[in-house]
Structure formats: C-alpha cells, structure tokens
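Asker: Quick one: the structure is below, questions incoming.
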Amino acid sequence: MIFPCTSCGSCCKRISKVVEMLNIKDKDDPMYFPYNWDKEGICEHLDRNDYKCKIYYKRPLICNINAISKYLNLNTKKFYELNISACNKMMDEDGVPLHLRINNK
C-alpha cells in the first residue's frame, strides 16, 4: 500500500505549520525538519513552477507519509484515510483542480 499523493504541493505550502505543530527541535530526532521556509510557510524546496519537491528522493521523514506510517508503526489504512482527508481539505483551500483530489475509495 502506497499513499496516493498527487503532488499538488499543498502540504509543502504549509510546512511551517507542520513543524510548529510537531515542535521537534532535536536534530537527531528522525522527525526533525532540517530545511527552511519563507514568510508564508512554504518549504524552500518546493518548485514554484510545477509544485514538485526539488529533493523528493531525499525528503525528510515528516514529508513521507509512507515512511511515517512504518516508522511510527501505525495502522496504515487509517493513517492514510486521515491524511487523505487533510490533503483534500488543503487542496480545497488552495483551489487545486478537482482532478488532483485524492479519491479515498
């Protein structure tokens, strides 16, 4: 099972909120976010042209739903369902086209 990300960039536009919510300041913690964001909270590695992550294959753990699920030993199906709901809400807020919404079926 793999998380059905559509690469819309909505979560990357809110990375500052995620980092603040997790409040992980220990650089040795696997969930630590080592990068910066701009004044709007957008990750420095989000490509503003295509909304893709410029470091996708080296992204930190908190940016990888599949890896987080395994790392925290969570019920993958339920974790994905929660994240799909959050993703679609962010996409609604950002006016992301409907074809990029995640179908939870």
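In the structure tokens, chains take the letters A, B, ... in the order shown, each chain's residues start at 1, and ligands count up from 1 in the order shown.
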Got a sec: who's within 9 Å of A:Cys87, counting only C-alpha atoms, leaving out chain neighbours fewer than 2 positions off, as a list of chain:residue names?

Answerer: A:Cys5, A:Ser10, A:Cys11, A:Leu82, A:Asn83, A:Ile84, A:Ser85, A:Lys89, A:Met90, A:Met91, A:Asp92, A:Arg101, A:Ile102

Asker: Generate the output file for the selected residues, C-alpha atoms, as a short mmCIF file (atom, residue, chain, number, x, y, z; two decimals), in the first residue's frame.

Answerer:
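Final file, selection_19.cif:
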```cif
data_model
loop_
_atom_site.label_atom_id
_atom_site.label_comp_id
_atom_site.auth_asym_id
_atom_site.auth_seq_id
_atom_site.Cartn_x
_atom_site.Cartn_y
_atom_site.Cartn_z
CA CYS A 5 -0.13 11.59 -3.36
CA SER A 10 -0.43 21.91 -0.75
CA CYS A 11 1.32 20.29 2.21
CA LEU A 82 -6.73 10.75 7.91
CA ASN A 83 -4.06 12.18 5.63
CA ILE A 84 -6.24 11.93 2.52
CA SER A 85 -8.91 13.95 4.31
CA LYS A 89 -9.02 19.98 2.68
CA MET A 90 -5.74 21.75 1.92
CA MET A 91 -6.37 21.35 -1.82
CA ASP A 92 -9.83 22.89 -1.39
CA ARG A 101 -8.09 15.43 -5.43
CA ILE A 102 -7.45 12.08 -3.78
#
```

Asker: Fewer than 5 positions away in the same chain doesn't count, so skip those; otherwise give me all residues within 12 Å of A:Asp29, counting only C-alpha atoms, as a VMD selection string.

Answerer: chain A and resid 22 to 24 34 60 to 62 71

Asker: Just list as a PyMOL selection string whatever in chain A DSSP marks as alpha helix (DSSP H).

Answerer: chain A and resi 15-22+65-71+76-94

Asker: Put those residues in a file: N, CA and C atoms, as a short mmCIF file (atom, residue, chain, number, x, y, z; two decimals), in the first residue's frame.

Answerer:
```cif
data_model
loop_
_atom_site.label_atom_id
_atom_site.label_comp_id
_atom_site.auth_asym_id
_atom_site.auth_seq_id
_atom_site.Cartn_x
_atom_site.Cartn_y
_atom_site.Cartn_z
N ILE A 15 4.45 23.82 5.41
CA ILE A 15 5.44 23.09 6.20
C ILE A 15 5.73 23.77 7.53
N SER A 16 5.68 25.09 7.58
CA SER A 16 5.96 25.77 8.85
C SER A 16 4.94 25.37 9.92
N LYS A 17 3.67 25.20 9.52
CA LYS A 17 2.62 24.80 10.47
C LYS A 17 2.86 23.38 10.99
N VAL A 18 3.29 22.49 10.10
CA VAL A 18 3.57 21.11 10.49
C VAL A 18 4.73 21.08 11.48
N VAL A 19 5.79 21.81 11.16
CA VAL A 19 6.97 21.84 12.03
C VAL A 19 6.62 22.42 13.39
N GLU A 20 5.86 23.51 13.40
CA GLU A 20 5.44 24.12 14.66
C GLU A 20 4.57 23.17 15.47
N MET A 21 3.67 22.47 14.81
CA MET A 21 2.77 21.55 15.49
C MET A 21 3.55 20.40 16.14
N LEU A 22 4.51 19.85 15.39
CA LEU A 22 5.30 18.74 15.93
C LEU A 22 6.27 19.19 17.01
N ILE A 65 4.65 10.28 3.94
CA ILE A 65 3.53 9.61 4.61
C ILE A 65 3.77 8.10 4.73
N ASN A 66 4.30 7.50 3.67
CA ASN A 66 4.55 6.06 3.69
C ASN A 66 5.57 5.70 4.77
N ALA A 67 6.65 6.45 4.84
CA ALA A 67 7.71 6.17 5.81
C ALA A 67 7.27 6.47 7.24
N ILE A 68 6.49 7.54 7.43
CA ILE A 68 6.00 7.88 8.78
C ILE A 68 5.14 6.74 9.32
N SER A 69 4.26 6.24 8.49
CA SER A 69 3.38 5.15 8.91
C SER A 69 4.18 3.96 9.42
N LYS A 70 5.22 3.61 8.68
CA LYS A 70 6.07 2.48 9.09
C LYS A 70 6.89 2.82 10.33
N TYR A 71 7.49 4.02 10.34
CA TYR A 71 8.34 4.44 11.46
C TYR A 71 7.57 4.46 12.78
N THR A 76 -1.74 1.57 8.80
CA THR A 76 -1.52 2.29 7.55
C THR A 76 -2.82 2.77 6.92
N LYS A 77 -3.82 1.91 6.85
CA LYS A 77 -5.09 2.29 6.21
C LYS A 77 -5.72 3.49 6.90
N LYS A 78 -5.81 3.45 8.22
CA LYS A 78 -6.42 4.55 8.97
C LYS A 78 -5.58 5.83 8.85
N PHE A 79 -4.25 5.68 8.92
CA PHE A 79 -3.35 6.83 8.79
C PHE A 79 -3.51 7.48 7.42
N TYR A 80 -3.59 6.67 6.38
CA TYR A 80 -3.79 7.20 5.04
C TYR A 80 -5.13 7.90 4.93
N GLU A 81 -6.18 7.32 5.50
CA GLU A 81 -7.50 7.94 5.45
C GLU A 81 -7.49 9.32 6.08
N LEU A 82 -6.83 9.45 7.23
CA LEU A 82 -6.73 10.75 7.91
C LEU A 82 -5.96 11.75 7.05
N ASN A 83 -4.88 11.29 6.45
CA ASN A 83 -4.06 12.18 5.63
C ASN A 83 -4.75 12.54 4.32
N ILE A 84 -5.49 11.63 3.75
CA ILE A 84 -6.24 11.93 2.52
C ILE A 84 -7.26 13.04 2.82
N SER A 85 -7.94 12.92 3.93
CA SER A 85 -8.91 13.95 4.31
C SER A 85 -8.21 15.30 4.48
N ALA A 86 -7.08 15.31 5.16
CA ALA A 86 -6.32 16.56 5.35
C ALA A 86 -5.82 17.11 4.02
N CYS A 87 -5.33 16.23 3.16
CA CYS A 87 -4.84 16.67 1.85
C CYS A 87 -5.94 17.32 1.03
N ASN A 88 -7.09 16.67 0.96
CA ASN A 88 -8.19 17.22 0.19
C ASN A 88 -8.67 18.56 0.75
N LYS A 89 -8.64 18.70 2.06
CA LYS A 89 -9.02 19.98 2.68
C LYS A 89 -8.03 21.07 2.27
N MET A 90 -6.75 20.77 2.33
CA MET A 90 -5.74 21.75 1.92
C MET A 90 -5.90 22.10 0.44
N MET A 91 -6.18 21.09 -0.38
CA MET A 91 -6.37 21.35 -1.82
C MET A 91 -7.58 22.24 -2.05
N ASP A 92 -8.65 22.02 -1.29
CA ASP A 92 -9.83 22.89 -1.39
C ASP A 92 -9.45 24.33 -1.07
N GLU A 93 -8.71 24.52 0.03
CA GLU A 93 -8.28 25.85 0.45
C GLU A 93 -7.41 26.52 -0.60
N ASP A 94 -6.61 25.73 -1.30
CA ASP A 94 -5.69 26.27 -2.31
C ASP A 94 -6.29 26.37 -3.70
#
```

Asker: When DSSP is applied to the backbone of this structure, which of stretch 1-54 of chain A are assigned strand (DSSP E or B)? Write them out as a list of chain:residue names.

Answerer: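 So, restricting stretch 1-54 of chain A to strand (DSSP E or B), we get A:Trp37, A:Cys43, A:Leu46, A:Cys53.
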
Asker: For stretch 43-55 of chain A, find every residue with an atom within 6 Å (counting only C-alpha atoms), except residues of its own chain fewer than 2 positions away, and show them as a VMD selection string.

Answerer: chain A and resid 9 12 15 36 to 37 57 to 59

Asker: Atoms to include: N, CA, C and O atoms. Write the selected residues as a CSV table (one decimal), in the first residue's frame.

Answerer:
```csv
chain,number,residue,atom,x,y,z
A,9,GLY,N,1.5,19.9,-4.0
A,9,GLY,CA,2.3,20.9,-3.3
A,9,GLY,C,1.6,21.6,-2.1
A,9,GLY,O,2.2,22.4,-1.4
A,12,CYS,N,3.4,21.2,1.2
A,12,CYS,CA,4.6,21.9,1.2
A,12,CYS,C,4.5,23.4,1.4
A,12,CYS,O,5.4,24.1,1.9
A,15,ILE,N,4.4,23.8,5.4
A,15,ILE,CA,5.4,23.1,6.2
A,15,ILE,C,5.7,23.8,7.5
A,15,ILE,O,6.0,23.1,8.5
A,36,ASN,N,14.4,25.2,5.6
A,36,ASN,CA,13.8,26.5,5.9
A,36,ASN,C,12.5,26.6,5.1
A,36,ASN,O,12.2,25.9,4.2
A,37,TRP,N,11.8,27.7,5.4
A,37,TRP,CA,10.6,28.0,4.7
A,37,TRP,C,10.5,29.6,4.6
A,37,TRP,O,11.2,30.3,5.4
A,57,TYR,N,13.4,12.6,-3.5
A,57,TYR,CA,14.0,11.3,-3.1
A,57,TYR,C,14.9,11.4,-1.9
A,57,TYR,O,15.4,10.4,-1.4
A,58,LYS,N,15.1,12.6,-1.4
A,58,LYS,CA,15.9,12.8,-0.2
A,58,LYS,C,15.2,13.6,0.9
A,58,LYS,O,15.7,14.1,1.8
A,59,ARG,N,13.8,13.6,0.7
A,59,ARG,CA,13.0,14.4,1.6
A,59,ARG,C,13.0,13.8,3.0
A,59,ARG,O,13.3,12.7,3.2
```

Asker: Restricting the calculation to only C-alpha atoms, which member of A:Lys27, A:Cys63, A:Val96, A:Asn73 is positioned closest to A:Phe3?

Answerer: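 Among A:Lys27, A:Cys63, A:Val96, A:Asn73, it is A:Cys63 that comes nearest to A:Phe3.
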
Asker: Calculate how many Å separate atom CA of A:Tyr35 from atom CA of A:Thr6, rounding to one decimal.

Answerer: 22.4 Å
